[in-house]
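Have a look at query.txt below; it lists compact mmCIF, C-alpha atoms.
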```
# COMPACT_ATOMS: atom_id res chain seq x y z
CA MET A 22 -119.22 -38.25 19.83
CA ARG A 23 -117.75 -35.02 18.40
CA THR A 24 -119.50 -31.70 17.79
CA VAL A 25 -117.72 -31.24 14.45
CA ASP A 26 -119.29 -34.48 13.19
CA ILE A 27 -122.75 -33.23 14.20
CA ILE A 28 -122.14 -29.97 12.31
CA GLU A 29 -120.94 -31.87 9.24
CA LYS A 30 -123.97 -34.14 9.31
CA LYS A 31 -126.45 -31.26 9.46
CA LYS A 32 -124.45 -29.31 6.84
CA LEU A 33 -125.14 -32.20 4.46
CA GLY A 34 -128.87 -32.09 5.25
CA GLN A 35 -128.97 -35.30 7.27
CA GLU A 36 -131.19 -35.84 10.33
CA LEU A 37 -129.52 -35.68 13.72
CA THR A 38 -130.28 -38.41 16.25
CA ASP A 39 -131.84 -37.64 19.63
CA GLU A 40 -128.49 -38.49 21.24
CA GLU A 41 -126.59 -36.05 19.01
CA ILE A 42 -128.99 -33.21 19.78
CA ALA A 43 -128.85 -33.95 23.52
CA PHE A 44 -125.03 -34.07 23.37
CA PHE A 45 -124.89 -30.66 21.69
CA ILE A 46 -127.36 -28.93 24.04
CA LYS A 47 -125.70 -30.35 27.16
CA GLY A 48 -122.25 -29.37 25.92
CA TYR A 49 -123.27 -25.86 24.90
CA THR A 50 -125.10 -25.23 28.17
CA GLU A 51 -122.10 -26.44 30.21
CA GLY A 52 -119.58 -24.56 28.07
CA THR A 53 -117.73 -27.54 26.54
CA VAL A 54 -119.12 -26.68 23.09
CA PRO A 55 -117.72 -23.25 22.11
CA ASP A 56 -119.71 -20.43 20.50
CA TYR A 57 -118.03 -20.86 17.11
CA GLN A 58 -119.24 -24.46 16.83
CA ALA A 59 -122.73 -23.55 18.04
CA SER A 60 -122.79 -20.76 15.43
CA ALA A 61 -121.83 -23.20 12.69
CA LEU A 62 -124.57 -25.62 13.69
CA ALA A 63 -127.17 -22.83 13.92
CA MET A 64 -126.28 -21.72 10.36
CA ALA A 65 -126.44 -25.31 9.11
CA VAL A 66 -129.90 -25.67 10.66
CA TYR A 67 -130.96 -22.37 9.07
CA PHE A 68 -130.15 -23.64 5.59
CA GLN A 69 -130.96 -27.36 5.97
CA ASP A 70 -134.00 -27.14 8.31
CA MET A 71 -134.98 -29.84 10.82
CA SER A 72 -137.63 -32.54 10.88
CA ASP A 73 -140.51 -32.36 13.37
CA ARG A 74 -138.79 -35.07 15.42
CA GLU A 75 -135.51 -33.14 15.52
CA ILE A 76 -137.27 -29.92 16.55
CA SER A 77 -139.25 -31.74 19.27
CA THR A 78 -136.06 -33.28 20.65
CA LEU A 79 -134.24 -29.94 20.53
CA THR A 80 -137.15 -28.30 22.38
CA LEU A 81 -137.29 -30.92 25.13
CA CYS A 82 -133.51 -30.82 25.60
CA MET A 83 -133.64 -27.04 26.01
CA ARG A 84 -136.61 -27.35 28.38
CA ASP A 85 -134.69 -29.84 30.51
CA SER A 86 -131.48 -27.76 30.54
CA GLY A 87 -132.74 -25.92 33.63
CA ASP A 88 -135.67 -25.61 36.04
CA THR A 89 -139.24 -26.52 35.15
CA VAL A 90 -142.41 -25.33 36.88
CA ASP A 91 -144.91 -27.83 38.29
CA LEU A 92 -148.42 -26.34 38.36
CA SER A 93 -150.19 -29.59 39.23
CA ASP A 94 -151.16 -28.35 42.71
CA ILE A 95 -153.27 -25.60 41.12
CA PRO A 96 -156.79 -26.94 40.38
CA GLY A 97 -158.20 -26.77 36.86
CA ILE A 98 -156.78 -26.76 33.35
CA LYS A 99 -154.10 -24.08 33.18
CA VAL A 100 -153.89 -22.28 29.82
CA ASP A 101 -150.88 -20.27 28.66
CA LYS A 102 -150.91 -17.71 25.85
CA HIS A 103 -147.88 -16.49 23.94
CA SER A 104 -147.29 -14.01 21.12
CA THR A 105 -144.33 -14.12 18.75
CA GLY A 106 -144.19 -10.34 19.05
CA GLY A 107 -145.75 -7.28 17.56
CA VAL A 108 -146.32 -3.53 17.75
CA GLY A 109 -149.01 -2.32 20.15
CA ASP A 110 -149.62 -5.91 21.31
CA LYS A 111 -151.30 -5.50 24.69
CA VAL A 112 -153.45 -8.61 24.20
CA THR A 113 -152.18 -10.59 27.22
CA MET A 114 -153.20 -7.81 29.62
CA ILE A 115 -156.74 -8.06 28.22
CA VAL A 116 -157.37 -11.73 27.50
CA ALA A 117 -155.71 -13.17 30.63
CA PRO A 118 -158.18 -11.47 33.03
CA ILE A 119 -161.09 -12.22 30.68
CA ALA A 120 -160.23 -15.94 30.66
CA ALA A 121 -159.65 -15.93 34.41
CA ALA A 122 -163.04 -14.27 34.96
CA CYS A 123 -164.53 -17.20 33.00
CA GLY A 124 -162.89 -19.70 35.36
CA VAL A 125 -159.69 -20.57 33.47
CA PRO A 126 -156.63 -20.54 35.80
CA ILE A 127 -153.94 -18.27 34.34
CA ALA A 128 -150.44 -18.91 35.71
CA LYS A 129 -148.37 -16.96 33.21
CA MET A 130 -144.69 -16.13 33.04
CA SER A 131 -143.98 -13.35 30.53
CA GLY A 132 -140.90 -11.61 29.17
CA ARG A 133 -139.54 -8.13 28.68
CA GLY A 134 -139.41 -6.27 25.39
CA LEU A 135 -136.35 -6.09 23.16
CA GLY A 136 -136.14 -4.14 19.91
CA PHE A 137 -139.36 -2.92 18.33
CA THR A 138 -141.61 -5.45 20.11
CA GLY A 139 -142.90 -4.62 23.57
CA GLY A 140 -142.92 -6.93 26.59
CA THR A 141 -145.92 -7.60 28.84
CA ILE A 142 -143.76 -7.39 31.97
CA ASP A 143 -142.57 -3.85 31.12
CA LYS A 144 -146.15 -2.77 30.45
CA LEU A 145 -147.42 -4.11 33.76
CA GLU A 146 -144.49 -2.59 35.67
CA SER A 147 -145.41 0.83 34.26
CA ILE A 148 -148.31 0.76 36.76
CA PRO A 149 -146.89 2.44 39.89
CA GLY A 150 -146.01 -0.05 42.62
CA LEU A 151 -146.68 -3.20 40.60
CA SER A 152 -144.03 -5.91 40.84
CA THR A 153 -143.67 -8.90 38.55
CA ALA A 154 -140.79 -10.34 40.62
CA VAL A 155 -142.87 -12.95 42.39
CA ASP A 156 -141.41 -16.13 43.91
CA ASN A 157 -142.99 -19.49 43.09
CA GLU A 158 -144.77 -19.91 46.43
CA ARG A 159 -146.51 -16.54 46.15
CA PHE A 160 -147.13 -17.13 42.42
CA PHE A 161 -148.95 -20.43 43.09
CA LYS A 162 -150.93 -18.95 45.99
CA GLN A 163 -152.08 -15.99 43.92
CA VAL A 164 -153.34 -18.25 41.12
CA LYS A 165 -155.11 -20.50 43.63
CA ASP A 166 -156.70 -17.53 45.43
CA MET A 167 -157.81 -15.38 42.48
CA GLY A 168 -157.20 -17.45 39.36
CA ILE A 169 -154.58 -15.22 37.75
CA ALA A 170 -150.96 -14.11 38.00
CA VAL A 171 -148.74 -12.65 35.29
CA VAL A 172 -145.13 -12.53 36.46
CA GLY A 173 -141.57 -12.39 35.17
CA GLN A 174 -139.62 -15.57 34.61
CA THR A 175 -138.05 -16.85 37.81
CA GLY A 176 -135.30 -19.36 38.52
CA ASN A 177 -133.15 -20.95 35.86
CA LEU A 178 -135.66 -21.62 33.08
CA CYS A 179 -134.19 -22.89 29.79
CA PRO A 180 -130.55 -21.68 30.14
CA ALA A 181 -129.72 -23.40 26.82
CA ASP A 182 -132.28 -21.21 25.09
CA LYS A 183 -130.88 -18.04 26.66
CA LYS A 184 -127.40 -18.86 25.32
CA LEU A 185 -128.64 -19.90 21.88
CA TYR A 186 -130.92 -16.85 21.55
CA ALA A 187 -128.03 -14.47 22.30
CA LEU A 188 -125.88 -16.31 19.77
CA ARG A 189 -128.55 -16.26 17.06
CA ASP A 190 -129.02 -12.53 17.58
CA VAL A 191 -125.44 -11.85 16.44
CA THR A 192 -125.06 -14.56 13.78
CA ALA A 193 -127.99 -13.70 11.45
CA THR A 194 -129.91 -16.86 12.42
CA ILE A 195 -132.64 -15.20 14.48
CA ASP A 196 -135.31 -16.03 11.89
CA SER A 197 -134.57 -19.76 11.68
CA ILE A 198 -137.96 -21.49 12.02
CA PRO A 199 -136.61 -24.57 13.90
CA MET A 200 -134.75 -22.27 16.31
CA ILE A 201 -137.71 -19.92 16.84
CA ALA A 202 -140.11 -22.84 17.38
CA SER A 203 -137.85 -24.62 19.87
CA SER A 204 -137.01 -21.38 21.69
CA ILE A 205 -140.65 -20.44 22.26
CA MET A 206 -141.93 -23.93 23.01
CA SER A 207 -139.10 -24.88 25.38
CA LYS A 208 -140.09 -21.94 27.61
CA LYS A 209 -143.82 -22.68 27.30
CA LEU A 210 -143.31 -26.34 28.23
CA ALA A 211 -140.99 -25.42 31.12
CA ALA A 212 -143.60 -22.98 32.48
CA GLY A 213 -145.94 -25.88 33.23
CA SER A 214 -149.38 -24.97 31.81
CA ASP A 215 -151.61 -27.77 30.54
CA ARG A 216 -152.70 -26.11 27.29
CA ILE A 217 -150.97 -23.52 25.08
CA LEU A 218 -152.44 -20.86 22.79
CA LEU A 219 -150.03 -19.17 20.38
CA ASP A 220 -150.40 -15.86 18.54
CA VAL A 221 -148.11 -16.15 15.52
CA THR A 222 -147.84 -12.68 14.01
CA THR A 223 -146.91 -11.93 10.41
CA GLY A 224 -146.13 -8.75 8.49
CA SER A 225 -143.77 -5.79 8.74
CA GLY A 226 -144.10 -5.56 12.53
CA ALA A 227 -143.42 -9.26 13.12
CA PHE A 228 -140.40 -11.57 12.89
CA MET A 229 -142.24 -13.65 10.26
CA LYS A 230 -142.64 -11.27 7.32
CA SER A 231 -144.69 -13.60 5.12
CA THR A 232 -147.92 -15.45 5.87
CA GLU A 233 -146.40 -18.62 4.41
CA ARG A 234 -143.52 -18.62 6.92
CA ALA A 235 -145.86 -17.70 9.78
CA MET A 236 -148.13 -20.65 8.98
CA LYS A 237 -145.10 -22.94 8.80
CA LEU A 238 -143.90 -21.71 12.20
CA ALA A 239 -147.40 -22.19 13.65
CA GLU A 240 -147.54 -25.75 12.34
CA ARG A 241 -144.11 -26.56 13.77
CA MET A 242 -144.98 -25.23 17.23
CA VAL A 243 -148.33 -27.03 17.34
CA ALA A 244 -146.52 -30.25 16.39
CA ILE A 245 -144.01 -29.73 19.22
CA GLY A 246 -146.76 -29.15 21.79
CA THR A 247 -148.72 -32.18 20.59
CA ALA A 248 -145.63 -34.42 20.73
CA ALA A 249 -145.01 -33.22 24.29
CA GLY A 250 -148.56 -34.12 25.34
CA ARG A 251 -149.79 -30.51 25.59
CA LYS A 252 -152.79 -29.50 23.50
CA THR A 253 -151.57 -26.53 21.49
CA VAL A 254 -153.45 -24.17 19.18
CA ALA A 255 -151.92 -21.41 17.05
CA ILE A 256 -153.71 -18.42 15.51
CA VAL A 257 -151.91 -16.45 12.79
CA THR A 258 -152.58 -12.70 12.91
CA ASP A 259 -151.72 -9.69 10.76
CA MET A 260 -149.09 -7.30 12.12
CA ASN A 261 -148.52 -5.06 9.09
CA THR A 262 -150.11 -2.21 11.05
CA PRO A 263 -149.96 -1.57 14.81
CA LEU A 264 -152.61 -3.25 16.93
CA GLY A 265 -154.99 -0.66 18.32
CA ARG A 266 -154.14 3.01 18.87
CA CYS A 267 -151.37 2.83 21.48
CA VAL A 268 -147.70 1.82 21.27
CA GLY A 269 -145.68 2.21 24.46
CA ASN A 270 -145.96 0.90 28.00
CA ARG A 271 -148.33 3.21 29.89
CA LEU A 272 -150.22 4.05 26.72
CA GLU A 273 -150.91 0.34 26.20
CA VAL A 274 -152.01 -0.13 29.81
CA MET A 275 -154.53 2.66 29.27
CA GLU A 276 -155.83 1.00 26.11
CA ALA A 277 -155.99 -2.39 27.83
CA VAL A 278 -158.12 -0.94 30.62
CA ASP A 279 -160.42 0.62 28.02
CA ALA A 280 -160.70 -2.76 26.28
CA LEU A 281 -161.63 -4.47 29.55
CA HIS A 282 -164.47 -1.96 29.74
CA GLY A 283 -165.42 -2.80 26.13
CA LYS A 284 -164.31 0.58 24.79
CA ALA A 285 -161.36 -0.27 22.50
CA GLU A 286 -161.10 -0.20 18.71
CA THR A 287 -162.98 -2.86 16.74
CA GLU A 288 -159.90 -4.71 15.44
CA LEU A 289 -158.37 -4.93 18.93
CA MET A 290 -161.64 -6.22 20.38
CA GLU A 291 -161.86 -8.77 17.54
CA ILE A 292 -158.39 -10.10 18.38
CA CYS A 293 -159.18 -10.21 22.10
CA LEU A 294 -162.53 -11.96 21.55
CA THR A 295 -160.79 -14.58 19.40
CA PHE A 296 -157.96 -15.28 21.81
CA ALA A 297 -159.99 -15.16 25.02
CA SER A 298 -162.67 -17.48 23.61
CA ASN A 299 -160.03 -19.96 22.44
CA MET A 300 -158.44 -19.90 25.91
CA ILE A 301 -161.85 -20.63 27.44
CA LEU A 302 -162.36 -23.49 24.98
CA LEU A 303 -158.90 -24.92 25.76
CA GLY A 304 -159.67 -24.61 29.47
CA GLU A 305 -162.87 -26.62 28.93
CA LYS A 306 -165.11 -23.92 30.39
CA ALA A 307 -167.20 -23.92 27.20
CA GLU A 308 -168.13 -26.62 24.72
CA THR A 309 -168.26 -24.45 21.60
CA ILE A 310 -166.50 -21.32 20.40
CA GLU A 311 -169.87 -19.55 20.24
CA GLU A 312 -170.53 -20.33 23.90
CA ALA A 313 -167.04 -19.09 24.78
CA GLU A 314 -167.57 -15.85 22.86
CA SER A 315 -170.82 -15.24 24.77
CA MET A 316 -168.94 -15.74 28.04
CA VAL A 317 -166.29 -13.20 26.96
CA GLU A 318 -168.93 -10.60 26.14
CA ARG A 319 -170.68 -11.23 29.46
CA VAL A 320 -167.59 -10.79 31.70
CA ILE A 321 -166.67 -7.58 29.89
CA SER A 322 -170.18 -6.12 30.13
CA ASP A 323 -170.71 -7.05 33.80
CA GLY A 324 -167.28 -5.72 34.85
CA SER A 325 -165.89 -9.01 36.19
CA ALA A 326 -163.03 -9.09 33.64
CA TYR A 327 -161.86 -5.63 34.71
CA LYS A 328 -162.25 -6.62 38.38
CA LYS A 329 -160.01 -9.65 37.77
CA PHE A 330 -157.32 -7.40 36.29
CA ARG A 331 -157.71 -4.95 39.17
CA ASP A 332 -157.40 -7.75 41.74
CA MET A 333 -154.20 -8.98 40.06
CA VAL A 334 -152.70 -5.47 40.03
CA MET A 335 -153.50 -5.05 43.72
CA ALA A 336 -152.13 -8.50 44.64
CA GLN A 337 -148.83 -7.66 42.96
CA GLY A 338 -148.47 -4.34 44.79
CA GLY A 339 -149.83 -2.02 42.14
CA ASP A 340 -151.67 1.19 43.00
CA VAL A 341 -155.14 0.47 41.57
CA SER A 342 -156.09 4.16 41.63
CA TYR A 343 -154.03 4.47 38.43
CA ILE A 344 -156.17 1.95 36.58
CA ASP A 345 -159.44 3.07 38.15
CA ASP A 346 -158.58 6.48 36.70
CA ILE A 347 -156.15 5.98 33.81
CA SER A 348 -155.77 9.73 33.35
CA LYS A 349 -153.48 9.57 36.42
CA LEU A 350 -150.90 7.55 34.45
CA GLU A 351 -148.28 10.12 33.48
CA LEU A 352 -147.07 10.17 29.90
CA ALA A 353 -143.72 11.61 28.84
CA PRO A 354 -143.91 15.42 28.90
CA ILE A 355 -142.69 16.27 25.39
CA GLU A 356 -145.24 15.85 22.58
CA TYR A 357 -144.73 15.99 18.85
CA GLU A 358 -147.33 15.57 16.12
CA ILE A 359 -146.95 13.81 12.76
CA LYS A 360 -149.44 15.47 10.39
CA ALA A 361 -151.03 14.42 7.11
CA ALA A 362 -149.05 15.67 4.11
CA LYS A 363 -152.20 15.61 1.97
CA SER A 364 -155.91 14.84 2.14
CA GLY A 365 -157.25 11.35 1.52
CA TYR A 366 -157.75 7.94 3.10
CA ILE A 367 -155.05 6.29 5.18
CA HIS A 368 -154.08 3.07 3.38
CA ASN A 369 -151.22 2.01 5.63
CA ILE A 370 -149.37 2.87 8.83
CA ASP A 371 -146.27 0.68 8.82
CA ALA A 372 -146.01 -1.32 12.05
CA LEU A 373 -142.24 -1.78 11.93
CA ALA A 374 -141.61 1.95 11.49
CA VAL A 375 -143.98 2.81 14.36
CA GLY A 376 -142.44 0.16 16.63
CA GLU A 377 -138.89 1.31 15.92
CA ALA A 378 -139.84 4.99 16.32
CA SER A 379 -141.46 4.18 19.68
CA MET A 380 -138.25 2.45 20.75
CA LEU A 381 -136.20 5.48 19.67
CA LEU A 382 -138.48 7.70 21.78
CA GLY A 383 -137.53 5.64 24.85
CA ALA A 384 -140.39 3.12 25.04
CA GLY A 385 -138.24 0.10 24.15
CA ARG A 386 -134.74 -1.36 24.40
CA GLU A 387 -132.07 -1.69 21.74
CA THR A 388 -130.04 -3.86 24.16
CA LYS A 389 -131.27 -5.85 27.15
CA ASP A 390 -129.54 -3.45 29.56
CA ASP A 391 -131.27 -0.27 28.30
CA ASN A 392 -133.66 1.55 30.62
CA ILE A 393 -137.25 2.15 29.52
CA ASP A 394 -139.21 5.39 29.71
CA PHE A 395 -142.65 4.10 30.74
CA GLY A 396 -144.36 7.27 29.55
CA ALA A 397 -142.84 7.32 26.06
CA GLY A 398 -144.61 6.01 22.98
CA ILE A 399 -146.93 6.80 20.10
CA TYR A 400 -150.68 7.38 20.00
CA LEU A 401 -152.46 6.84 16.68
CA GLU A 402 -154.99 9.64 16.31
CA LYS A 403 -156.05 8.15 12.96
CA LEU A 404 -156.21 4.52 11.80
CA VAL A 405 -156.09 2.75 8.45
CA GLY A 406 -159.35 3.54 6.60
CA ASP A 407 -159.82 6.95 8.20
CA TYR A 408 -160.15 10.05 6.03
CA VAL A 409 -157.76 12.89 6.84
CA ASN A 410 -157.42 16.46 5.67
CA GLU A 411 -154.01 17.91 4.94
CA GLY A 412 -152.52 19.04 8.26
CA ASP A 413 -154.57 16.69 10.44
CA THR A 414 -152.63 14.97 13.22
CA ILE A 415 -152.14 11.26 12.49
CA LEU A 416 -149.58 10.26 15.14
CA ARG A 417 -148.82 11.84 18.49
CA LEU A 418 -145.31 11.13 19.81
CA TYR A 419 -144.36 11.20 23.51
CA THR A 420 -140.82 11.35 24.90
CA SER A 421 -138.86 12.75 27.83
CA ASP A 422 -135.88 13.70 25.66
CA LYS A 423 -136.44 16.29 22.92
CA SER A 424 -133.31 15.15 21.06
CA LYS A 425 -134.96 11.77 20.36
CA ILE A 426 -137.77 13.26 18.29
CA SER A 427 -135.70 13.88 15.15
CA ASN A 428 -134.54 10.25 14.89
CA ALA A 429 -138.06 8.95 15.54
CA GLY A 430 -139.48 11.38 12.99
CA ARG A 431 -136.99 10.26 10.35
CA ARG A 432 -137.89 6.63 10.98
CA LEU A 433 -141.55 7.47 10.35
CA GLU A 434 -140.87 9.10 6.97
CA GLY A 435 -142.81 7.12 4.40
CA ALA A 436 -144.54 5.03 7.05
CA ILE A 437 -147.97 6.55 6.38
CA VAL A 438 -149.58 5.99 2.98
CA ILE A 439 -152.53 8.22 1.98
CA SER A 440 -154.52 7.79 -1.22
CA GLU A 441 -157.79 8.93 -2.79
CA ASN A 442 -159.69 5.66 -2.46
CA LYS A 443 -160.84 4.12 0.82
CA PRO A 444 -159.11 0.76 1.46
CA GLU A 445 -161.15 -2.39 1.95
CA GLY A 446 -161.43 -3.45 5.57
CA LYS A 447 -159.95 -6.84 6.46
CA SER A 448 -159.71 -9.01 9.54
CA LYS A 449 -156.49 -9.27 11.53
CA ILE A 450 -157.18 -13.00 11.94
CA ILE A 451 -155.48 -14.89 9.10
CA GLY A 452 -155.71 -18.56 10.06
CA LYS A 453 -155.75 -21.21 12.77
CA VAL A 454 -153.64 -24.34 13.31
CA GLU A 455 -154.64 -27.04 15.78
```

Write out the structure in this file as structure tokens.
Amino acid sequence: MRTVDIIEKKKLGQELTDEEIAFFIKGYTEGTVPDYQASALAMAVYFQDMSDREISTLTLCMRDSGDTVDLSDIPGIKVDKHSTGGVGDKVTMIVAPIAAACGVPIAKMSGRGLGFTGGTIDKLESIPGLSTAVDNERFFKQVKDMGIAVVGQTGNLCPADKKLYALRDVTATIDSIPMIASSIMSKKLAAGSDRILLDVTTGSGAFMKSTERAMKLAERMVAIGTAAGRKTVAIVTDMNTPLGRCVGNRLEVMEAVDALHGKAETELMEICLTFASNMILLGEKAETIEEAESMVERVISDGSAYKKFRDMVMAQGGDVSYIDDISKLELAPIEYEIKAAKSGYIHNIDALAVGEASMLLGAGRETKDDNIDFGAGIYLEKLVGDYVNEGDTILRLYTSDKSKISNAGRRLEGAIVISENKPEGKSKIIGKVE
């Protein structure tokens, strides 16, 4: 079997056999298939697509290229939740403790942020003392003892995906649906949970810019999970505007704590209610979505959801005084305000521009080796639908380096649209695939 023949076959739009896919993944992981051939195959896949069978095989081969996690010793139905990325997406920090408070075991491995999308691990590590570097033995014990752990990826999970992802990033194939689906699902399957809930974002602040492509990606990932024997549900959500008021690591922790006390913005609470209730349903702790929603509201109102988050922070070495009193979390010292150029209603605040500006302020990474300023970010004083007078503050920028403000400010030019008429409100929930 030769790699060049596999490339030729896919270039012509033909289906690859399971053996051909396995040969390629094994060879690329071990280094016998060079980058230039892997690049050629990735581009052929981009243009010719893959069948559900091909994508499932590719996913399983990437899953099996390294370590896998066995969670079978942990009682109950373990439910994992994953987002394809967004701006101001602090949902995991909110829904994981809510679901755990309702009895669903959460054994979650999360990633770091890269580019304009933030990472849950960076956000959690912005809490002083908290560590996400937890070995498997401690990880399992924490989930058994308190029902929740959110940690960084350990061991050698999906090395084939790591190599392919880095290659796609520099060969303009990052938005290939078969490659995105197999990349995400190989890691989810390797992480060992019994059920998987996916947040597939769409819009300017997401990798999938159109709802049509987001729905297609959701369908592909659900098909992969089903073929692998894992019940998988995907919810497609709008990411044209940032989620909530806060973008940046400590800012988002503060907003997550507020949400666990039931004090966040309506659209963020709607998203969290939807995802937490679906996790509870997948974990078989409720028989209907209505029952699950009632459970979510109860654990927020009685404080048990916040207590679950607090217990997790403490178990992972975090200083809980910073979440008991979020005003103690230090933000970057330099502030800059973006003001309304005219009076009227805010029709749009572009998520991509806000995410990239936040990264430029120091809250994100342009390369995986960049350091993060935990206190940097953007606070949205006003949201879409709000009325503003000329000169009102709309965005508040935080950074530790004054020289970064000009670049961030330029990126935000044109990001805010103000008009005379109030926009119609719409839900962030677009659709569901199961």

**OP:** Would you mind listing what lies within 10 Å of Arg23 in chain A as number ranges by chain, with all atoms listed in the file counted and same-chain residues fewer than 2 positions away left out?
**Re:** A: 25-28, 41, 44-45, 54

Please tabulate, as a tab-separated table, the residues of range 393-428 of chain A that come within 8 Å of range 442-455 of chain A, each with its closest pair of atoms and the distance in Å to one decimal, counting all atoms listed in the file and ordering rows by chain, then residue number upward.
```
residue	atom	partner	partner_atom	distance
A:Val405	CA	A:Pro444	CA	7.9
A:Gly406	CA	A:Pro444	CA	5.8
A:Asp407	CA	A:Lys443	CA	8.0
A:Tyr408	CA	A:Lys443	CA	7.9
```

Subject >> Proximity to Val268 in chain A - best of A:Ile437, A:Leu185, A:Ala122, A:Ala378, all atoms listed in the file >> reply: A:Ala378

Where does range 62-148 of chain A meet range 202-207 of chain A within 12 Å, residue by residue, with the nearest atom pair and distance in Å to one decimal for each, counting all atoms listed in the file, listed by chain and rising number, as CSV?
```
residue,atom,partner,partner_atom,distance
A:Asp70,CA,A:Ala202,CA,11.8
A:Met71,CA,A:Ser203,CA,10.8
A:Ser72,CA,A:Ala202,CA,11.9
A:Asp73,CA,A:Ala202,CA,10.3
A:Arg74,CA,A:Ser203,CA,11.4
A:Glu75,CA,A:Ser203,CA,9.8
A:Ile76,CA,A:Ser203,CA,6.3
A:Ser77,CA,A:Ser203,CA,7.3
A:Thr78,CA,A:Ser203,CA,8.9
A:Leu79,CA,A:Ser203,CA,6.5
A:Thr80,CA,A:Ser203,CA,4.5
A:Leu81,CA,A:Ser207,CA,6.3
A:Cys82,CA,A:Ser207,CA,8.2
A:Met83,CA,A:Ser207,CA,5.9
A:Arg84,CA,A:Ser207,CA,4.6
A:Asp85,CA,A:Ser207,CA,8.4
A:Ser86,CA,A:Ser207,CA,9.6
A:Gly87,CA,A:Ser207,CA,10.5
A:Asp88,CA,A:Ser207,CA,11.2
A:Thr89,CA,A:Ser207,CA,9.9
A:Val90,CA,A:Ser207,CA,12.0
A:Asp101,CA,A:Met206,CA,11.2
A:Lys102,CA,A:Ile205,CA,11.2
A:His103,CA,A:Ile205,CA,8.4
A:Ser104,CA,A:Ile205,CA,9.3
A:Thr105,CA,A:Ile205,CA,8.1
A:Gly106,CA,A:Ile205,CA,11.2
A:Ser131,CA,A:Ile205,CA,11.4
A:Gly132,CA,A:Ile205,CA,11.2
```

Original post:
Which polymer residues have any atom within 7 Å of an atom of range 354-368 of chain A, counting all atoms listed in the file, with same-chain residues fewer than 5 positions away left out, as a count of residues only?
Top reply: 26

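Coordinates place CA of Ile344 in chain A at a distance of 6.9 Å from CA of Val278 in chain A.
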
Need to verify the contact set: Gly304 in chain A, 12 Å, only C-alpha atoms, exclusion of same-chain residues closer than 6 positions in sequence. Can you return it as a PDB file with C-alpha atoms, keeping the file's coordinate frame?
```
ATOM      1  CA  PRO A  96    -156.790 -26.940  40.380  1.00  0.00           C
ATOM      2  CA  GLY A  97    -158.200 -26.770  36.860  1.00  0.00           C
ATOM      3  CA  ILE A  98    -156.780 -26.760  33.350  1.00  0.00           C
ATOM      4  CA  LYS A  99    -154.100 -24.080  33.180  1.00  0.00           C
ATOM      5  CA  VAL A 100    -153.890 -22.280  29.820  1.00  0.00           C
ATOM      6  CA  ASP A 101    -150.880 -20.270  28.660  1.00  0.00           C
ATOM      7  CA  LYS A 102    -150.910 -17.710  25.850  1.00  0.00           C
ATOM      8  CA  ALA A 120    -160.230 -15.940  30.660  1.00  0.00           C
ATOM      9  CA  ALA A 121    -159.650 -15.930  34.410  1.00  0.00           C
ATOM     10  CA  CYS A 123    -164.530 -17.200  33.000  1.00  0.00           C
ATOM     11  CA  GLY A 124    -162.890 -19.700  35.360  1.00  0.00           C
ATOM     12  CA  VAL A 125    -159.690 -20.570  33.470  1.00  0.00           C
ATOM     13  CA  PRO A 126    -156.630 -20.540  35.800  1.00  0.00           C
ATOM     14  CA  ILE A 127    -153.940 -18.270  34.340  1.00  0.00           C
ATOM     15  CA  SER A 214    -149.380 -24.970  31.810  1.00  0.00           C
ATOM     16  CA  ASP A 215    -151.610 -27.770  30.540  1.00  0.00           C
ATOM     17  CA  ARG A 216    -152.700 -26.110  27.290  1.00  0.00           C
ATOM     18  CA  ILE A 217    -150.970 -23.520  25.080  1.00  0.00           C
ATOM     19  CA  LEU A 218    -152.440 -20.860  22.790  1.00  0.00           C
ATOM     20  CA  LYS A 252    -152.790 -29.500  23.500  1.00  0.00           C
ATOM     21  CA  THR A 253    -151.570 -26.530  21.490  1.00  0.00           C
ATOM     22  CA  ALA A 297    -159.990 -15.160  25.020  1.00  0.00           C
ATOM     23  CA  SER A 298    -162.670 -17.480  23.610  1.00  0.00           C
ATOM     24  CA  ILE A 310    -166.500 -21.320  20.400  1.00  0.00           C
ATOM     25  CA  ALA A 313    -167.040 -19.090  24.780  1.00  0.00           C
TER      26      ALA A 313
END
```

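Relative to CA of Ile347 in chain A, CA of Gly269 in chain A is found at 14.5 Å.
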